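Enquirer: Contents of model39.cif (mmCIF, C-alpha atoms and all ligand atoms) are below:
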```
data_final
loop_
_atom_site.label_atom_id
_atom_site.label_comp_id
_atom_site.auth_asym_id
_atom_site.auth_seq_id
_atom_site.Cartn_x
_atom_site.Cartn_y
_atom_site.Cartn_z
CA MET A 1 0.00 0.00 0.00
CA TYR A 2 1.46 3.34 -1.04
CA LYS A 3 0.89 5.95 1.62
CA SER A 4 0.57 9.66 0.91
CA GLY A 5 3.52 10.74 -1.19
CA GLY A 6 4.54 7.14 -1.85
CA ILE A 7 7.97 5.87 -0.99
CA SER A 8 10.80 8.23 -1.56
CA PRO A 9 12.28 7.03 -4.84
CA ASP A 10 15.85 8.13 -4.26
CA ASP A 11 16.22 7.99 -0.50
CA GLY A 12 14.29 4.92 0.70
CA ASP A 13 15.25 1.29 1.05
CA HIS A 14 15.31 0.02 -2.50
CA ARG A 15 17.66 -2.90 -2.08
CA SER A 16 17.29 -5.40 -4.85
CA LYS A 17 15.26 -8.49 -3.93
CA ILE A 18 17.68 -10.82 -5.71
CA LYS A 19 20.88 -9.07 -4.73
CA ASN A 20 22.52 -12.00 -3.00
CA ASN A 21 23.96 -14.99 -4.83
CA ILE A 22 23.59 -13.53 -8.30
CA PRO A 23 25.37 -15.80 -10.80
CA SER A 24 28.22 -14.02 -12.56
CA ASN A 25 26.65 -14.51 -16.00
CA VAL A 26 23.61 -12.42 -15.05
CA LYS A 27 23.68 -8.94 -16.61
CA ILE A 28 22.29 -6.43 -14.12
CA ILE A 29 20.94 -3.23 -15.60
CA ASP A 30 20.19 -0.76 -12.85
CA PHE A 31 17.55 1.90 -13.50
CA ARG A 32 16.45 2.38 -9.86
CA SER A 33 17.95 5.86 -9.74
CA ASP A 34 20.76 8.00 -11.13
CA THR A 35 22.06 8.14 -7.53
CA ILE A 36 23.58 4.67 -8.02
CA THR A 37 26.29 5.99 -10.37
CA LYS A 38 29.88 5.43 -9.28
CA PRO A 39 33.00 7.51 -9.93
CA ASP A 40 34.92 6.22 -12.95
CA ALA A 41 38.71 5.85 -13.22
CA GLU A 42 39.31 9.45 -14.38
CA MET A 43 37.19 10.78 -11.50
CA ARG A 44 38.99 8.63 -8.94
CA ARG A 45 42.30 9.93 -10.30
CA VAL A 46 41.34 13.60 -9.93
CA MET A 47 40.06 12.85 -6.44
CA ALA A 48 43.32 11.20 -5.46
CA GLU A 49 45.31 14.14 -6.81
CA ALA A 50 43.08 16.92 -5.44
CA GLU A 51 44.71 19.72 -3.50
CA VAL A 52 42.96 20.03 -0.16
CA GLY A 53 42.81 22.23 2.95
CA ASP A 54 40.46 22.89 5.83
CA ASP A 55 37.27 24.08 4.17
CA VAL A 56 35.71 25.32 7.42
CA PHE A 57 38.67 27.73 7.51
CA GLY A 58 37.90 28.53 3.85
CA GLU A 59 41.24 27.01 2.84
CA ASP A 60 40.39 24.16 0.50
CA PRO A 61 41.42 25.22 -3.02
CA SER A 62 39.44 22.46 -4.73
CA VAL A 63 36.25 23.45 -2.91
CA ILE A 64 36.83 27.12 -3.71
CA ALA A 65 37.34 26.23 -7.38
CA LEU A 66 34.16 24.12 -7.51
CA GLN A 67 32.11 26.87 -5.87
CA GLN A 68 33.38 29.44 -8.40
CA GLN A 69 32.79 27.08 -11.31
CA THR A 70 29.20 26.41 -10.20
CA ALA A 71 28.34 30.04 -9.47
CA GLU A 72 29.53 30.93 -12.97
CA LEU A 73 27.67 28.07 -14.60
CA LEU A 74 24.41 29.04 -12.91
CA GLY A 75 24.89 32.80 -13.26
CA LYS A 76 24.96 33.60 -9.54
CA GLU A 77 27.31 35.67 -7.36
CA ALA A 78 28.36 32.90 -5.01
CA SER A 79 27.98 29.24 -4.19
CA LEU A 80 28.49 26.82 -1.28
CA PHE A 81 29.42 23.13 -1.29
CA VAL A 82 27.24 20.99 1.01
CA PRO A 83 26.95 17.24 1.57
CA THR A 84 23.48 16.56 0.09
CA GLY A 85 20.62 17.93 -1.95
CA THR A 86 18.34 17.78 1.07
CA MET A 87 20.71 19.93 3.09
CA ALA A 88 21.05 22.34 0.16
CA ASN A 89 17.26 22.79 -0.01
CA GLN A 90 16.86 23.11 3.75
CA ILE A 91 19.63 25.68 4.00
CA ALA A 92 18.08 27.63 1.13
CA VAL A 93 14.68 27.67 2.84
CA MET A 94 16.18 28.81 6.16
CA SER A 95 18.44 31.38 4.53
CA HIS A 96 15.46 32.98 2.76
CA CYS A 97 13.19 32.69 5.83
CA TRP A 98 15.51 34.40 8.29
CA THR A 99 12.71 35.88 10.39
CA ARG A 100 10.02 34.06 12.40
CA GLY A 101 6.53 33.40 11.08
CA ALA A 102 7.60 32.64 7.52
CA GLU A 103 5.78 30.46 5.02
CA ILE A 104 7.00 28.95 1.75
CA ILE A 105 4.88 27.95 -1.23
CA VAL A 106 5.81 24.57 -2.70
CA GLY A 107 4.38 22.07 -5.20
CA ASP A 108 2.51 19.22 -3.52
CA LYS A 109 4.64 16.65 -5.37
CA SER A 110 7.95 18.37 -4.77
CA HIS A 111 10.92 16.80 -3.01
CA ILE A 112 10.96 19.63 -0.47
CA PHE A 113 7.33 18.96 0.45
CA LEU A 114 7.25 15.16 0.29
CA TYR A 115 10.67 13.78 1.03
CA GLU A 116 12.55 16.07 3.39
CA GLN A 117 10.74 15.09 6.60
CA GLY A 118 9.03 18.46 6.75
CA GLY A 119 12.48 19.83 7.53
CA ALA A 120 11.36 23.38 6.78
CA ALA A 121 9.15 23.09 9.90
CA THR A 122 11.29 20.85 12.10
CA LEU A 123 14.58 22.61 11.44
CA GLY A 124 13.62 26.07 10.28
CA GLY A 125 10.29 26.78 12.02
CA VAL A 126 8.93 27.54 8.56
CA HIS A 127 5.36 26.76 7.51
CA THR A 128 4.79 25.06 4.14
CA HIS A 129 1.85 25.88 1.90
CA ALA A 130 1.42 23.33 -0.89
CA VAL A 131 -0.15 24.12 -4.25
CA LYS A 132 -1.14 21.32 -6.62
CA ASN A 133 1.56 20.26 -9.02
CA LEU A 134 0.38 19.78 -12.59
CA ASN A 135 1.52 16.88 -14.78
CA ASP A 136 4.23 18.98 -16.39
CA GLY A 137 5.87 19.77 -13.03
CA THR A 138 4.54 23.33 -12.93
CA PHE A 139 1.67 24.69 -10.86
CA SER A 140 -1.07 27.13 -11.75
CA LEU A 141 0.21 30.69 -11.41
CA GLU A 142 -3.32 31.74 -10.46
CA ASN A 143 -3.20 29.24 -7.58
CA LEU A 144 0.19 30.60 -6.61
CA GLN A 145 -1.11 34.14 -6.44
CA SER A 146 -4.15 33.05 -4.43
CA ALA A 147 -1.84 31.26 -1.98
CA ILE A 148 0.04 34.44 -1.12
CA ARG A 149 -1.02 35.71 2.29
CA SER A 150 -2.42 39.11 2.96
CA ASP A 151 -0.78 41.42 5.44
CA ASP A 152 -2.84 40.21 8.40
CA ILE A 153 -1.47 39.37 11.83
CA HIS A 154 -3.31 36.03 11.77
CA HIS A 155 -1.33 34.80 8.78
CA PRO A 156 2.20 33.58 8.31
CA ILE A 157 4.37 35.71 6.04
CA THR A 158 4.74 34.39 2.50
CA SER A 159 8.50 34.50 2.07
CA LEU A 160 9.55 32.13 -0.71
CA VAL A 161 8.30 30.14 -3.70
CA CYS A 162 10.00 26.79 -4.44
CA ILE A 163 10.08 25.04 -7.80
CA GLU A 164 11.75 21.81 -9.00
CA ASN A 165 13.45 21.37 -12.40
CA THR A 166 13.54 18.67 -13.67
CA HIS A 167 10.55 17.51 -11.68
CA ASN A 168 11.31 14.07 -10.27
CA ILE A 169 7.93 12.66 -9.27
CA MET A 170 6.24 14.11 -12.34
CA GLY A 171 8.57 11.95 -14.43
CA GLY A 172 11.65 14.11 -14.96
CA LYS A 173 9.62 16.88 -16.54
CA VAL A 174 11.52 19.93 -17.82
CA LEU A 175 9.64 23.06 -16.76
CA PRO A 176 8.59 25.10 -19.83
CA LEU A 177 10.64 28.25 -20.40
CA ALA A 178 7.51 30.35 -20.93
CA TRP A 179 6.20 29.26 -17.50
CA LEU A 180 9.51 30.06 -15.83
CA ASP A 181 9.48 33.51 -17.43
CA GLU A 182 5.92 34.19 -16.32
CA LEU A 183 6.70 32.97 -12.79
CA GLY A 184 9.71 35.29 -12.77
CA ARG A 185 7.59 38.23 -13.90
CA ILE A 186 4.91 37.62 -11.26
CA THR A 187 7.25 36.97 -8.33
CA LYS A 188 9.39 39.98 -9.21
CA LYS A 189 6.31 42.18 -9.12
CA LEU A 190 5.38 40.71 -5.73
CA GLY A 191 8.93 40.98 -4.40
CA LEU A 192 8.99 37.23 -3.62
CA PRO A 193 12.20 35.22 -4.07
CA VAL A 194 12.14 31.86 -5.90
CA HIS A 195 14.25 28.88 -4.84
CA LEU A 196 14.91 26.29 -7.52
CA ASP A 197 15.48 22.68 -6.42
CA GLY A 198 17.74 21.92 -9.36
CA ALA A 199 18.89 18.49 -8.22
CA ARG A 200 18.70 17.52 -11.91
CA LEU A 201 18.79 21.03 -13.42
CA LEU A 202 21.53 20.18 -15.89
CA ASN A 203 19.37 17.42 -17.41
CA ALA A 204 16.85 20.20 -18.14
CA ALA A 205 19.49 22.49 -19.66
CA VAL A 206 20.75 19.71 -21.91
CA ALA A 207 17.20 18.79 -22.96
CA LEU A 208 16.37 22.39 -23.90
CA LYS A 209 19.86 23.02 -25.34
CA VAL A 210 20.19 26.24 -23.32
CA PRO A 211 22.91 27.42 -20.94
CA PRO A 212 21.91 26.46 -17.35
CA ALA A 213 21.95 30.15 -16.35
CA ARG A 214 18.97 30.71 -18.66
CA LEU A 215 16.92 28.43 -16.37
CA THR A 216 18.07 30.07 -13.15
CA ARG A 217 17.78 33.69 -14.30
CA ASP A 218 14.72 34.57 -12.25
CA CYS A 219 15.60 32.39 -9.24
CA ALA A 220 17.21 33.95 -6.18
CA SER A 221 18.75 30.61 -5.23
CA VAL A 222 19.43 27.23 -6.78
CA SER A 223 20.47 23.82 -5.45
CA LEU A 224 22.27 21.37 -7.71
CA CYS A 225 23.22 17.73 -7.02
CA LEU A 226 26.54 16.30 -8.14
CA SER A 227 25.74 12.77 -7.01
CA LYS A 228 22.90 11.95 -9.39
CA GLY A 229 23.31 11.73 -13.17
CA LEU A 230 26.53 13.74 -13.01
CA GLY A 231 28.19 10.71 -11.44
CA ALA A 232 30.16 12.28 -8.58
CA PRO A 233 30.05 10.27 -5.34
CA VAL A 234 28.87 12.98 -2.90
CA GLY A 235 27.82 16.58 -2.81
CA SER A 236 25.50 19.39 -3.78
CA LEU A 237 25.83 23.12 -4.25
CA ILE A 238 23.67 26.06 -3.29
CA CYS A 239 24.00 29.21 -5.36
CA GLY A 240 22.71 32.73 -4.87
CA SER A 241 23.74 36.24 -3.90
CA LYS A 242 26.78 36.87 -1.67
CA ASP A 243 24.51 37.76 1.27
CA PHE A 244 22.41 34.67 0.81
CA ILE A 245 25.51 32.44 0.73
CA GLN A 246 26.93 34.17 3.81
CA ARG A 247 23.81 33.15 5.73
CA ALA A 248 23.98 29.69 4.14
CA LEU A 249 27.51 29.29 5.49
CA ARG A 250 26.26 29.83 9.05
CA LEU A 251 23.38 27.42 8.49
CA ARG A 252 25.64 24.74 7.01
CA LYS A 253 27.71 24.88 10.19
CA VAL A 254 24.76 24.52 12.57
CA LEU A 255 23.45 21.57 10.56
CA GLY A 256 26.80 19.83 10.89
CA GLY A 257 27.62 20.19 7.21
CA GLY A 258 30.96 21.96 7.62
CA MET A 259 33.40 19.49 6.07
CA ARG A 260 37.15 19.71 6.31
CA GLN A 261 39.36 18.34 3.50
CA SER A 262 36.35 18.02 1.23
CA GLY A 263 38.39 19.00 -1.82
CA ILE A 264 38.63 15.29 -2.58
CA LEU A 265 34.88 15.35 -3.19
CA ALA A 266 34.86 18.78 -4.80
CA ALA A 267 37.44 17.68 -7.38
CA ALA A 268 35.08 14.90 -8.47
CA GLY A 269 32.30 17.49 -8.73
CA SER A 270 34.40 19.83 -10.87
CA LEU A 271 35.15 17.05 -13.33
CA ALA A 272 31.48 16.01 -13.36
CA LEU A 273 30.45 19.58 -14.23
CA ALA A 274 33.07 19.83 -16.97
CA ARG A 275 31.61 16.69 -18.58
CA TYR A 276 27.90 17.29 -17.94
CA GLN A 277 26.75 17.81 -21.51
CA ALA A 278 28.06 14.49 -22.79
CA THR A 279 26.94 12.49 -19.73
CA LEU A 280 23.46 13.87 -19.43
CA SER A 281 22.58 14.08 -23.11
CA MET A 282 23.37 10.36 -23.30
CA ASP A 283 21.07 9.65 -20.33
CA ASN A 284 18.28 11.79 -21.81
CA GLU A 285 18.62 10.05 -25.21
CA ASN A 286 18.56 6.60 -23.64
CA ALA A 287 15.35 7.41 -21.79
CA LYS A 288 13.73 8.40 -25.11
CA ILE A 289 14.89 5.16 -26.73
CA ILE A 290 13.30 3.08 -23.95
CA ALA A 291 10.05 5.07 -24.06
CA LYS A 292 9.82 4.70 -27.83
CA ARG A 293 10.46 0.94 -27.75
CA VAL A 294 7.86 0.40 -25.02
CA SER A 295 5.34 2.46 -26.93
CA GLU A 296 6.05 0.59 -30.19
CA SER A 297 5.47 -2.72 -28.43
CA ALA A 298 1.77 -1.73 -28.22
CA SER A 299 1.50 -3.55 -24.89
CA LYS A 300 -2.01 -3.68 -23.48
CA LYS A 301 -0.60 -3.92 -19.95
CA VAL A 302 1.99 -1.16 -19.76
CA THR A 303 2.10 2.18 -21.56
CA VAL A 304 4.39 5.16 -21.62
CA ASP A 305 3.77 8.78 -22.58
CA VAL A 306 6.62 9.19 -25.06
CA GLU A 307 6.12 12.94 -25.41
CA GLY A 308 6.23 13.23 -21.63
CA VAL A 309 9.76 11.84 -21.45
CA HIS A 310 11.81 15.04 -21.27
CA SER A 311 14.98 13.92 -19.51
CA ASN A 312 16.38 10.75 -17.91
CA ILE A 313 13.19 9.46 -16.25
CA VAL A 314 10.64 7.15 -17.85
CA MET A 315 7.38 6.35 -16.06
CA LEU A 316 5.85 3.00 -17.00
CA ASN A 317 2.07 3.13 -16.50
CA CYS A 318 0.60 -0.18 -15.35
CA LEU A 319 -2.90 -0.70 -16.71
CA THR A 320 -3.78 -4.10 -15.26
CA GLU A 321 -3.99 -5.56 -11.78
CA GLU A 322 -2.17 -8.67 -12.93
CA LEU A 323 0.91 -6.64 -13.88
CA GLY A 324 0.76 -3.87 -11.30
CA PRO A 325 3.86 -1.87 -10.29
CA ALA A 326 5.16 -4.34 -7.69
CA ALA A 327 4.73 -7.32 -10.05
CA LEU A 328 6.30 -5.45 -12.96
CA GLN A 329 9.31 -4.43 -10.88
CA GLU A 330 9.75 -8.02 -9.72
CA LYS A 331 9.35 -9.57 -13.18
CA LEU A 332 11.85 -7.15 -14.71
CA GLU A 333 14.36 -8.15 -12.06
CA GLN A 334 13.80 -11.92 -12.23
CA VAL A 335 16.05 -14.06 -14.41
CA ASP A 336 15.36 -17.47 -15.87
CA LEU A 337 18.74 -19.04 -16.53
CA PRO A 338 20.01 -20.11 -18.98
CA HIS A 339 17.42 -18.56 -21.35
CA ASP A 340 17.19 -15.15 -19.76
CA ALA A 341 20.20 -13.70 -17.96
CA VAL A 342 19.16 -10.04 -17.93
CA SER A 343 17.95 -8.47 -14.68
CA VAL A 344 16.48 -4.98 -14.97
CA ARG A 345 16.16 -3.02 -11.76
CA SER A 346 13.48 -0.36 -11.58
CA MET A 347 11.26 1.12 -8.92
CA ALA A 348 7.53 0.82 -8.27
CA ILE A 349 6.78 4.30 -7.00
CA ASN A 350 3.00 4.45 -6.56
CA GLU A 351 -0.18 2.43 -7.19
CA SER A 352 0.15 2.63 -10.95
CA GLN A 353 3.70 3.47 -12.01
CA VAL A 354 7.19 2.05 -12.19
CA ARG A 355 10.04 4.53 -12.56
CA ILE A 356 13.07 3.95 -14.75
CA VAL A 357 16.00 6.35 -14.45
CA THR A 358 18.72 6.14 -17.08
CA ASN A 359 22.21 6.77 -15.83
CA ASN A 360 25.82 6.39 -16.85
CA SER A 361 26.11 2.83 -15.50
CA VAL A 362 23.96 1.72 -18.45
CA ASP A 363 25.66 1.90 -21.86
CA THR A 364 24.08 1.64 -25.32
CA GLU A 365 24.47 -2.13 -25.47
CA ALA A 366 22.76 -2.51 -22.10
CA ILE A 367 19.92 -0.25 -23.25
CA VAL A 368 19.21 -2.66 -26.11
CA LEU A 369 19.18 -5.63 -23.71
CA ALA A 370 17.01 -3.73 -21.23
CA CYS A 371 14.46 -2.85 -23.93
CA GLU A 372 14.27 -6.52 -24.99
CA LYS A 373 13.67 -7.59 -21.41
CA ILE A 374 11.05 -4.91 -20.72
CA ILE A 375 9.16 -5.75 -23.91
CA LYS A 376 9.27 -9.48 -23.12
CA VAL A 377 7.74 -8.82 -19.70
CA ILE A 378 5.02 -6.42 -20.80
CA THR A 379 3.81 -8.15 -23.97
C1 LIG B 1 14.42 16.65 -6.85
C2 LIG B 1 15.29 16.24 -5.71
N1 LIG B 1 15.67 17.17 -4.82
C3 LIG B 1 16.47 16.88 -3.78
C4 LIG B 1 16.93 15.59 -3.58
C5 LIG B 1 17.76 15.29 -2.36
O1 LIG B 1 19.05 14.90 -2.65
P1 LIG B 1 19.91 14.07 -1.57
O2 LIG B 1 19.50 12.65 -1.75
O3 LIG B 1 21.33 14.34 -1.99
O4 LIG B 1 19.60 14.59 -0.23
C6 LIG B 1 16.55 14.60 -4.48
C7 LIG B 1 17.05 13.22 -4.26
O5 LIG B 1 16.59 12.28 -4.65
C8 LIG B 1 15.71 14.92 -5.57
O6 LIG B 1 15.30 13.99 -6.45
#
```
The structure given in the file should be rewritten as structure tokens.

Expert:
Amino acid sequence: MYKSGGISPDDGDHRSKIKNNIPSNVKIIDFRSDTITKPDAEMRRVMAEAEVGDDVFGEDPSVIALQQQTAELLGKEASLFVPTGTMANQIAVMSHCWTRGAEIIVGDKSHIFLYEQGGAATLGGVHTHAVKNLNDGTFSLENLQSAIRSDDIHHPITSLVCIENTHNIMGGKVLPLAWLDELGRITKKLGLPVHLDGARLLNAAVALKVPPARLTRDCASVSLCLSKGLGAPVGSLICGSKDFIQRALRLRKVLGGGMRQSGILAAAGSLALARYQATLSMDNENAKIIAKRVSESASKKVTVDVEGVHSNIVMLNCLTEELGPAALQEKLEQVDLPHDAVSVRSMAINESQVRIVTNNSVDTEAIVLACEKIIKVIT
């Protein structure tokens, strides 16, 4: 039974059911998440050779370089390296909501609302006001404007609007540029800052073929994950104005996120950012290939909205009870040796969908094998 919000797709316990005693001739193709990616040989080399220092003293040259590189890439004044995307979002919320009585407006299917333990409230004393996310990852701008509180002592103070691009739970949707521009126009008029949860922002930039800064232009702050499709082992960045980052630095410390010789991790992040176009365009392309093959199979049990596949996430829609999400996930993973030695790992994420996330552990040859397996199971 999937409770409200479902299981968290990238943070929960998604250990494979057949993980132990897998024969060596079984080919495992892992689409559970892009968080499973591992540093390759080149990345491990730059990590080993990274110059380091005490970053809490502001003395780690590799961290300083990564922060400058990211601020430039996202068109912001400054940036801060933090351990995780969740911490990046929470720090951003608290840095914007510096005074008591604040409220943030978030999408009801956003990571900040569903999967961060209500951290805005527990850590920051900040109230969350959810507006309904639409299928494309946006929300109605009329609803947004209605959600803004009046200047009344009974109300919390609307202090921030949060968006997510690409939108994970909505299937890796890339937010439309026209919507971002309109949101920017409205929030500017209202004097409200926007925080962008850009855990997978670079997938969106690659999909739209625009510089990432085009997507962050009207956002006061941005978080970006290095440890998803980009393939670095650990780390996220928060970007924004110098003042915002100065507050973020204090908040990182109180949350226990002040790391010391973290240049080893930052060096991996710098390389990941330098290679992002090649890595992520491959992931986005592979997702389209899978969606197209599933659609062409004309399965009566499982469908996919090909046009809705914008980045590296494919949602398989289960139409029958017989092959519901849990059964589909299990059947994709099961092997029948010696005839079938391909195990495809995916994730049942709600009552009707299985999520597939392409990532750099799956090459072109494996995509072909995965498509064959998926089609065999669903037809
Ligand atoms: C959209 C989005 N934001 C934030 C996060 C949090 O990242 P982390 O797992 O590094 O805390 C995730 C992770 O899955 C995510 O998908």

Enquirer: List all protein, DNA and RNA residues that have at least one atom no more than 6 Å from any atom of ligand LIG 1 (chain B), counting all atoms listed in the file, and write them as JSON, numbers by chain.

Expert: {"A": [10, 11, 84, 85, 86, 111, 168, 197, 199]}

Enquirer: Pick out the residues sitting within 7 Å of segment 326-334 of chain A, and hand them over as a PyMOL selection string; count only C-alpha atoms, and ignore anything fewer than 5 positions along from it in its own chain.

Expert: chain A and resi 343-348+354+373-374+377

Enquirer: Mind pulling up the distance from atom CA of Gly229 of chain A to atom CA of Val52 of chain A?

Expert: 25.0 Å

Enquirer: Please provide the set of residues having any atom within 12 Å of Gln277 of chain A, restricted to only C-alpha atoms, with same-chain residues fewer than 6 positions apart removed, written as a list in words.

Expert: Leu201, Leu202, Asn203, Ala204, Ala205, Val206, Ala207, Leu208, Lys209, Val210, Pro211, Pro212, Gly229, Leu230, Leu271, Asp283, Asn284 and Glu285 of chain A

Enquirer: Looking at all atoms listed in the file, which of A:Asp40, A:Glu164, A:Asp363, A:Glu77 is the one that sits closest to Met282 of chain A?

Expert: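 Ranking A:Asp40, A:Glu164, A:Asp363, A:Glu77 by distance to Met282 of chain A, first place goes to A:Asp363.
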
Enquirer: For each of A:Asp218, A:Asp340, A:Asp54, A:Glu321, take the minimum atom-to-atom distance to Ser352 of chain A, counting all atoms listed in the file, then give the residue where this is smallest.

Expert: A:Glu321

Enquirer: Residues within 12 Å of Pro23 of chain A, please, as a CSV table (one decimal) with C-alpha atoms, in the frame of the given file. Count all atoms listed in the file; anything in the same chain fewer than 5 positions from it doesn't count.

Expert:
```csv
chain,number,residue,atom,x,y,z
A,18,ILE,CA,17.7,-10.8,-5.7
A,28,ILE,CA,22.3,-6.4,-14.1
A,335,VAL,CA,16.0,-14.1,-14.4
A,336,ASP,CA,15.4,-17.5,-15.9
A,337,LEU,CA,18.7,-19.0,-16.5
A,338,PRO,CA,20.0,-20.1,-19.0
A,341,ALA,CA,20.2,-13.7,-18.0
A,342,VAL,CA,19.2,-10.0,-17.9
A,343,SER,CA,18.0,-8.5,-14.7
```

Enquirer: Do you have the atom CA of Leu226 of chain A-atom CA of Ala88 of chain A distance handy?

Expert: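 It comes out at 11.6 Å.
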
Enquirer: Figure out the distance between atom CA of Ser311 of chain A and atom CA of Ser281 of chain A, please, to one decimal in Å.

Expert: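 Separation between atom CA of Ser281 of chain A and atom CA of Ser311 of chain A: 8.4 Å.
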
Enquirer: Nearest residue to Val314 of chain A out of A:Ala130, A:Ile169, A:Met47, A:Leu196, using all atoms listed in the file?

Expert: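 Checking each candidate against Val314 of chain A, we get A:Ile169 as the closest.
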
Enquirer: Please identify all polymer residues within 10 Å of Ala102 of chain A, counting all atoms listed in the file, omitting same-chain residues fewer than 2 positions from it, and present them as JSON, numbers by chain.

Expert: {"A": [93, 94, 96, 97, 98, 99, 100, 104, 121, 124, 125, 126, 127, 128, 155, 156, 157, 158, 159, 160]}

Enquirer: Restricting the calculation to only C-alpha atoms: of A:Arg250, A:Arg44, A:Lys132, A:Lys27, which residue gets closest to Ala272 of chain A?

Expert: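 With only C-alpha atoms as the atom set, the closest residue is A:Arg44.
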